[in-house]
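Colleague: Can you keep this structure in mind? I'll have questions shortly.
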Amino acid sequence: MQSRIVGLAPAFSLFPNLNTPHKTFTFHQISVLIITFIAYASFHASRKPPSIVKSVLGPPSVVSNASSIDNGWAPFNGTEGTKRLGELDLAFLSSYAFGMYFAGHLGDRIDLRYFLVFGMMGSGILTVVFGLGYWMDVHRLWFYMSVQIVCGLFQSIGWPCVVSVVGNWCGKEKRGLIMGVWNSHTSVGNILGSVIASSVLDFGWGWSFVLPGGMVILSGVFVFMCLVVGPNDLGFEEPGKQIEIEMSLAENDGEESLRKQEAEDAVLLENTVDDSDDSLFAIGFIEAWRLPGVAPYAFCLFFSKLVAYTFLYWLPYYLRHTAVAGVNLSHKTAGILSTVFDIGGVLGGISAGFISDKINARAVTSVTFLALSIPALIMYRIYGSVSMFINIALMFISGLLVNGPYALITTAVAADLGTQDSIKGNGRALATVTAIIDGTGSVGAALGPLLAGFISSRGWNSVFFMLIVSIFFAGLFLIRLAKAEINEMRSGELIASSDPQS
């Protein structure tokens, strides 16, 4: 029997009790969620250092409540320093977006465990190399740009891989809530990266890259040792398949139909396990774009990630250069304070997933969060500098509302679209669909920080205006889908009310 995986992870040879029947399906399902959580949290932790060190690398600034002057780091400390920093973000995120499309396409065809570990090792090494520029006294723009471009390509491997693995193990029931909780790895990684990078900043900004880079490498070793890509590799049925088989059997009357159904199920199981001809299962790139709902959600995520990543890369810099209650914050304080936005994002992702499961309407949930985030950002810009308490409260609410739909679309929505009925639940399409949606979003993620670098020279009001307009367009792309979901809910209510047994 040929499996999609070349061989089980080494941990299953070292610890035989991890194999079936010693451990249940639920045990392995939870293990996969934890392993992939750690993997992608480490990816995001290694993305955070550039935003933390911006205020150190950037143009000189005098701190109003201190006697020190930040001299910056060439080539980012000149008059065009903020633009150079924006271009550095663009170098990483544009290569990330470019690589995402190819990574998803490859992820549907090769060993996901090896592919994911390859991406983690490359990301960790390149993050460390960037930090070495501090001790090597490198002041060449091409060095930092080149490192970020290659690192972005390695980082693009992560998301299609982890979403595809989780999609293999988790059925559609409560997918929004499960993936909402699981997707908090993004915010948890940002928080860890911010805390680690900020804590060692006083020892030299190079340490802010070396430690998160080392974390990715160690996490990659853990993933290589323990990750199992799909239930079939341990002899389990895929989630939901057994239920579908039983329902199909119940609809067939007679012994002859039963035998026929059993034969069809045997062929189906054999085709599922035997993936020697990948072309029979992997979906084409153009075909995936044409799937219902893929394009609207992809373009919605373009604008949603533009907003989320602008905060990811520029919030510590904004806090450093914006007085709160008349006091300018230190580099370390600004970096740690920025984690409040990500803490709000954890709750936002979980609540968006839970609500969308309850009302069975992903688009309605996303549009609602997006609409509420507009007044939240306006309030944060106007009143965030009044006091530390108000700043934290409004930053938390903004993070909750901005990251809610972003988390929902990149997880539950992508998994739904990649396993929808029009492709007969073909799990091999999942990585491709995920890559299309998140890859398109990543183009926006690349554009947002770049624009912020240029626009911030005109004032932060202009940056916030850009964010609000982007949120408006994000919601606009989902209006038609939201209307369809509302009509479907109304139809369901009418059917329920007309049912005499209800």
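Please note that chains go A, B, ... in the order of the structure tokens, that every chain numbers its residues from 1, and that ligands are numbered from 1 in the order shown.
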For Gly448 of chain A, list every protein, DNA or RNA residue within 7 Å, evaluated using only C-alpha atoms, and leave out those in the same chain fewer than 4 positions away; present the list as a PyMOL selection string.
Modeller: chain A and resi 306-307+309-310+444+452
Colleague: Save out the residues we just selected, all heavy atoms, as a tab-separated table (two decimals), in the first residue's frame.
Modeller:
chain	number	residue	atom	x	y	z
A	306	LEU	N	-3.61	43.52	4.08
A	306	LEU	CA	-2.95	44.81	3.95
A	306	LEU	C	-3.02	45.56	5.28
A	306	LEU	O	-2.03	46.13	5.74
A	306	LEU	CB	-3.61	45.62	2.83
A	306	LEU	CG	-2.98	46.96	2.44
A	306	LEU	CD1	-3.30	47.29	0.99
A	306	LEU	CD2	-3.45	48.12	3.33
A	307	VAL	N	-4.20	45.53	5.90
A	307	VAL	CA	-4.40	46.22	7.18
A	307	VAL	C	-3.65	45.50	8.30
A	307	VAL	O	-2.92	46.11	9.08
A	307	VAL	CB	-5.90	46.32	7.51
A	307	VAL	CG1	-6.10	46.96	8.88
A	307	VAL	CG2	-6.63	47.12	6.44
A	309	TYR	N	-1.12	43.41	8.28
A	309	TYR	CA	0.34	43.41	8.20
A	309	TYR	C	0.93	44.81	8.33
A	309	TYR	O	2.10	44.95	8.69
A	309	TYR	CB	0.79	42.75	6.89
A	309	TYR	CG	1.02	41.27	7.06
A	309	TYR	CD1	-0.03	40.42	7.35
A	309	TYR	CD2	2.30	40.72	6.96
A	309	TYR	CE1	0.15	39.06	7.53
A	309	TYR	CE2	2.51	39.37	7.13
A	309	TYR	CZ	1.43	38.54	7.41
A	309	TYR	OH	1.62	37.19	7.61
A	310	THR	N	0.14	45.82	8.05
A	310	THR	CA	0.61	47.18	8.33
A	310	THR	C	0.78	47.36	9.83
A	310	THR	O	1.77	47.93	10.30
A	310	THR	CB	-0.36	48.23	7.78
A	310	THR	OG1	-0.47	48.07	6.35
A	310	THR	CG2	0.10	49.63	8.08
A	444	GLY	N	-1.42	41.92	-0.83
A	444	GLY	CA	-1.87	43.07	-0.04
A	444	GLY	C	-0.99	43.30	1.17
A	444	GLY	O	-0.70	44.44	1.54
A	452	ALA	N	2.71	52.28	3.95
A	452	ALA	CA	2.84	52.94	5.25
A	452	ALA	C	4.18	53.65	5.38
A	452	ALA	O	4.26	54.75	5.95
A	452	ALA	CB	2.68	51.91	6.37
Colleague: From the options A:Gly348, A:Pro292, A:Gly441, A:Gly475, which residue's atoms come nearest to Val181 of chain A, counting only C-alpha atoms?
Modeller: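 Among the listed residues, the smallest separation from Val181 of chain A belongs to A:Gly348.
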Colleague: Have a look at A:Gly284, A:Ser387, A:Lys305, A:Leu372 and name the one nearest to Asn328 of chain A; count only C-alpha atoms.
Modeller: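 Smallest separation from Asn328 of chain A among the options: A:Ser387.
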Colleague: I want to know what sits within 7 Å of Ser42 of chain A, based on only C-alpha atoms, with residues of the same chain fewer than 2 positions away left out; could you give that as a ChimeraX atom specification?
Modeller: /A:38-40,44-46,189,215-216,219
Colleague: Could you write those residues out with C-alpha atoms, as a PDB file, in the first residue's frame?
Modeller:
ATOM      1  CA  ILE A  38       3.985  25.292  17.201  1.00  0.00           C
ATOM      2  CA  ALA A  39       5.299  25.210  13.639  1.00  0.00           C
ATOM      3  CA  TYR A  40       3.410  28.239  12.410  1.00  0.00           C
ATOM      4  CA  HIS A  44       5.380  34.228  12.804  1.00  0.00           C
ATOM      5  CA  ALA A  45       7.763  34.770  15.709  1.00  0.00           C
ATOM      6  CA  SER A  46      10.601  35.041  13.176  1.00  0.00           C
ATOM      7  CA  GLY A 189       3.828  33.789  17.376  1.00  0.00           C
ATOM      8  CA  MET A 215      13.365  28.961  17.526  1.00  0.00           C
ATOM      9  CA  VAL A 216      12.197  28.149  13.991  1.00  0.00           C
ATOM     10  CA  SER A 219      10.625  23.749  15.881  1.00  0.00           C
TER      11      SER A 219
END
Colleague: Determine the nearest neighbour of Ala288 of chain A from the options A:Val433, A:Val210, A:Val162, A:Leu408, counting only C-alpha atoms.
Modeller: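 Using only C-alpha atoms, the shortest distance to Ala288 of chain A belongs to A:Val433.
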Colleague: From the list A:Ala446, A:Ala334, A:Leu481, A:Ile110, which residue is nearest Ala197 of chain A when using only C-alpha atoms?
Modeller: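 Smallest distance to Ala197 of chain A is found for A:Ala334.
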Colleague: Between A:Arg47, A:Arg362, A:His321, A:Arg381, single out the one closest to Ala484 of chain A, counting only C-alpha atoms.
Modeller: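 Nearest candidate to Ala484 of chain A out of A:Arg47, A:Arg362, A:His321, A:Arg381: A:Arg362.
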Colleague: To one decimal place in Å, what is the distance between atom CA of Ser31 of chain A and atom CA of Pro16 of chain A?
Modeller: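 Between atom CA of Ser31 of chain A and atom CA of Pro16 of chain A the gap works out to 15.6 Å.
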Colleague: What lies within 7 Å of Asn403 of chain A using only C-alpha atoms, ignoring chain neighbours under 2 positions off, as a count of residues only?
Modeller: 10
Colleague: Between atom CA of Leu478 of chain A and atom CA of Asp438 of chain A, what is the distance in Å, rounded to a tenth?
Modeller: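 Between atom CA of Leu478 of chain A and atom CA of Asp438 of chain A the gap works out to 15.9 Å.
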Colleague: Mind giving me the straight-line distance from atom CA of Phe37 of chain A to atom CA of Asn183 of chain A in Å, one decimal?
Modeller: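 It comes out at 7.5 Å.
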Colleague: I'd like to know which residues of segment 43-247 of chain A are strand (DSSP E) (by DSSP, run on the backbone); could you write them as a PyMOL selection string?
Modeller: chain A and resi 61-62+69-70
Colleague: Keeping only N, CA, C and O atoms, write those residues as a compact mmCIF listing (two decimals), in the first residue's frame.
Modeller:
# COMPACT_ATOMS: atom_id res chain seq x y z
N SER A 61 16.08 59.96 15.90
CA SER A 61 14.95 60.64 16.54
C SER A 61 15.31 60.97 17.97
O SER A 61 15.93 60.17 18.67
N VAL A 62 14.92 62.16 18.40
CA VAL A 62 15.18 62.59 19.77
C VAL A 62 13.98 62.23 20.62
O VAL A 62 12.84 62.58 20.30
N ILE A 69 19.66 60.05 21.93
CA ILE A 69 19.29 60.23 20.54
C ILE A 69 19.53 58.92 19.81
O ILE A 69 20.59 58.32 19.93
N ASP A 70 18.51 58.45 19.05
CA ASP A 70 18.66 57.23 18.27
C ASP A 70 19.38 57.57 16.97
O ASP A 70 18.88 58.36 16.17
Colleague: According to DSSP computed on the backbone, where in segment 330-489 of chain A is there alpha helix (DSSP H)? Give the residues as a ChimeraX atom specification.
Modeller: /A:331-337,339-359,362-383,388-408,414-418,430-455,460-476,479-489
Colleague: Please write the residues from the selection above to a file, keeping C-alpha atoms, as a compact mmCIF listing (two decimals), in the first residue's frame.
Modeller:
# COMPACT_ATOMS: atom_id res chain seq x y z
CA HIS A 331 11.97 50.78 22.11
CA LYS A 332 11.38 47.89 24.50
CA THR A 333 8.11 49.24 25.91
CA ALA A 334 6.73 50.02 22.46
CA GLY A 335 7.55 46.52 21.23
CA ILE A 336 5.95 44.78 24.19
CA LEU A 337 2.91 47.10 24.19
CA THR A 339 1.45 42.66 21.62
CA VAL A 340 -1.92 43.91 22.90
CA PHE A 341 -3.07 44.11 19.28
CA ASP A 342 -2.17 40.43 18.82
CA ILE A 343 -3.82 39.42 22.10
CA GLY A 344 -7.01 40.97 20.76
CA GLY A 345 -6.39 39.06 17.54
CA VAL A 346 -6.44 35.75 19.44
CA LEU A 347 -9.93 36.46 20.78
CA GLY A 348 -10.99 37.83 17.39
CA GLY A 349 -10.05 34.67 15.52
CA ILE A 350 -11.74 32.41 18.07
CA SER A 351 -14.92 34.50 18.27
CA ALA A 352 -15.20 34.85 14.48
CA GLY A 353 -14.87 31.09 14.08
CA PHE A 354 -17.41 30.38 16.84
CA ILE A 355 -19.97 32.87 15.52
CA SER A 356 -19.62 31.67 11.92
CA ASP A 357 -20.21 28.09 13.08
CA LYS A 358 -23.29 29.09 15.06
CA ILE A 359 -24.97 31.03 12.25
CA ARG A 362 -18.72 32.89 7.06
CA ALA A 363 -19.25 35.94 4.82
CA VAL A 364 -21.80 37.59 7.13
CA THR A 365 -19.45 37.16 10.07
CA SER A 366 -16.50 38.60 8.14
CA VAL A 367 -18.44 41.62 6.87
CA THR A 368 -19.74 42.37 10.37
CA PHE A 369 -16.24 42.33 11.88
CA LEU A 370 -14.89 44.49 9.05
CA ALA A 371 -17.68 47.05 9.41
CA LEU A 372 -17.10 47.38 13.15
CA SER A 373 -13.34 47.72 12.73
CA ILE A 374 -13.70 51.04 10.86
CA PRO A 375 -15.02 53.04 13.84
CA ALA A 376 -12.58 51.14 16.10
CA LEU A 377 -9.58 52.37 14.10
CA ILE A 378 -10.93 55.93 13.99
CA MET A 379 -11.34 55.88 17.78
CA TYR A 380 -7.85 54.46 18.28
CA ARG A 381 -6.23 57.16 16.17
CA ILE A 382 -8.13 60.00 17.87
CA TYR A 383 -8.15 58.86 21.50
CA MET A 388 -2.20 54.27 28.46
CA PHE A 389 -5.43 52.57 29.56
CA ILE A 390 -7.44 53.96 26.62
CA ASN A 391 -4.61 53.10 24.22
CA ILE A 392 -4.51 49.47 25.41
CA ALA A 393 -8.31 49.09 25.36
CA LEU A 394 -8.75 50.52 21.86
CA MET A 395 -5.71 48.62 20.54
CA PHE A 396 -7.19 45.38 21.90
CA ILE A 397 -10.58 46.04 20.28
CA SER A 398 -8.92 46.99 16.98
CA GLY A 399 -6.87 43.79 17.00
CA LEU A 400 -9.97 41.72 17.73
CA LEU A 401 -11.98 43.20 14.86
CA VAL A 402 -9.16 43.42 12.29
CA ASN A 403 -7.77 39.93 12.85
CA GLY A 404 -11.16 38.19 13.20
CA PRO A 405 -12.06 37.99 9.49
CA TYR A 406 -8.39 37.62 8.51
CA ALA A 407 -8.09 34.53 10.71
CA LEU A 408 -11.46 33.14 9.57
CA ALA A 414 -10.01 28.22 2.89
CA ALA A 415 -10.64 24.70 4.21
CA ASP A 416 -14.33 24.92 3.26
CA LEU A 417 -13.57 26.11 -0.26
CA GLY A 418 -10.81 23.52 -0.73
CA LEU A 430 -6.83 22.11 -0.23
CA ALA A 431 -3.23 23.33 -0.38
CA THR A 432 -3.78 24.88 -3.83
CA VAL A 433 -6.93 26.76 -2.76
CA THR A 434 -5.26 27.83 0.48
CA ALA A 435 -2.25 29.11 -1.42
CA ILE A 436 -4.43 31.09 -3.85
CA ILE A 437 -6.38 32.78 -1.06
CA ASP A 438 -3.45 33.48 1.23
CA GLY A 439 -1.12 34.22 -1.67
CA THR A 440 -3.47 36.92 -2.94
CA GLY A 441 -3.79 38.21 0.60
CA SER A 442 -0.02 38.29 0.87
CA VAL A 443 0.19 40.64 -2.11
CA GLY A 444 -1.87 43.07 -0.04
CA ALA A 445 0.32 42.30 2.96
CA ALA A 446 3.34 43.33 0.90
CA LEU A 447 1.68 46.52 -0.31
CA GLY A 448 0.43 47.75 3.08
CA PRO A 449 3.76 48.12 4.92
CA LEU A 450 5.36 49.63 1.81
CA LEU A 451 2.63 52.27 1.52
CA ALA A 452 2.84 52.94 5.25
CA GLY A 453 6.56 53.65 4.90
CA PHE A 454 5.91 56.25 2.21
CA ILE A 455 2.67 57.73 3.57
CA TRP A 460 -0.15 59.09 10.58
CA ASN A 461 -3.66 60.34 9.78
CA SER A 462 -2.95 59.49 6.14
CA VAL A 463 -1.86 55.97 7.11
CA PHE A 464 -5.05 55.36 9.08
CA PHE A 465 -7.13 56.71 6.19
CA MET A 466 -5.45 54.14 3.92
CA LEU A 467 -6.31 51.38 6.40
CA ILE A 468 -9.96 52.41 6.65
CA VAL A 469 -10.38 52.55 2.87
CA SER A 470 -8.81 49.10 2.60
CA ILE A 471 -11.24 47.68 5.16
CA PHE A 472 -14.15 49.16 3.19
CA PHE A 473 -13.04 47.40 0.01
CA ALA A 474 -12.44 44.14 1.90
CA GLY A 475 -16.07 44.11 3.03
CA LEU A 476 -17.29 45.15 -0.42
CA ILE A 479 -21.35 41.70 0.09
CA ARG A 480 -22.77 39.38 -2.58
CA LEU A 481 -21.79 36.24 -0.67
CA ALA A 482 -23.18 37.72 2.56
CA LYS A 483 -26.51 38.45 0.85
CA ALA A 484 -26.64 34.87 -0.42
CA GLU A 485 -26.02 33.55 3.09
CA ILE A 486 -28.74 35.78 4.54
CA ASN A 487 -31.22 34.61 1.91
CA GLU A 488 -30.27 31.00 2.63
CA MET A 489 -30.83 31.53 6.35
Colleague: Determine, counting only C-alpha atoms, which protein, DNA and RNA residues have an atom within 10 Å of an atom of Leu88 of chain A; residues of the same chain fewer than 6 positions away are not included. Present the result as a list in words.
Modeller: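 Contacts, in chain order: Pro50, Phe76, Thr82, Leu141, Trp142, Tyr144, Met145, Ser146, Val147, Gln148, Ile149, Ala446, Pro449, Leu450 and Gly453 of chain A.
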Colleague: Those selected residues, please, written with N, CA and C atoms and delivered as a tab-separated table (two decimals), in the first residue's frame.
Modeller:
chain	number	residue	atom	x	y	z
A	50	PRO	N	11.71	42.41	12.35
A	50	PRO	CA	11.85	43.64	11.57
A	50	PRO	C	11.02	44.80	12.08
A	76	PHE	N	19.51	52.61	6.68
A	76	PHE	CA	18.12	52.93	6.99
A	76	PHE	C	17.98	54.20	7.82
A	82	THR	N	12.59	55.70	6.35
A	82	THR	CA	11.31	55.00	6.49
A	82	THR	C	10.91	54.35	5.17
A	141	LEU	N	22.46	47.86	1.51
A	141	LEU	CA	21.04	47.58	1.37
A	141	LEU	C	20.79	46.26	0.66
A	142	TRP	N	21.62	45.94	-0.35
A	142	TRP	CA	21.41	44.73	-1.12
A	142	TRP	C	21.51	43.47	-0.26
A	144	TYR	N	20.60	43.06	3.01
A	144	TYR	CA	19.36	42.88	3.77
A	144	TYR	C	18.18	42.57	2.85
A	145	MET	N	18.15	43.21	1.69
A	145	MET	CA	17.08	42.95	0.73
A	145	MET	C	17.15	41.51	0.22
A	146	SER	N	18.35	41.04	-0.10
A	146	SER	CA	18.51	39.68	-0.62
A	146	SER	C	18.10	38.64	0.42
A	147	VAL	N	18.52	38.86	1.67
A	147	VAL	CA	18.16	37.92	2.74
A	147	VAL	C	16.65	37.87	2.90
A	148	GLN	N	15.98	39.01	2.88
A	148	GLN	CA	14.53	39.04	3.07
A	148	GLN	C	13.79	38.39	1.90
A	149	ILE	N	14.30	38.57	0.70
A	149	ILE	CA	13.65	37.96	-0.47
A	149	ILE	C	13.70	36.44	-0.38
A	446	ALA	N	2.11	42.71	1.37
A	446	ALA	CA	3.34	43.33	0.90
A	446	ALA	C	3.13	44.82	0.61
A	449	PRO	N	2.59	47.54	4.26
A	449	PRO	CA	3.76	48.12	4.92
A	449	PRO	C	4.56	49.06	4.03
A	450	LEU	N	4.63	48.75	2.72
A	450	LEU	CA	5.36	49.63	1.81
A	450	LEU	C	4.69	51.00	1.75
A	453	GLY	N	5.24	53.03	4.85
A	453	GLY	CA	6.56	53.65	4.90
A	453	GLY	C	6.61	54.96	4.15
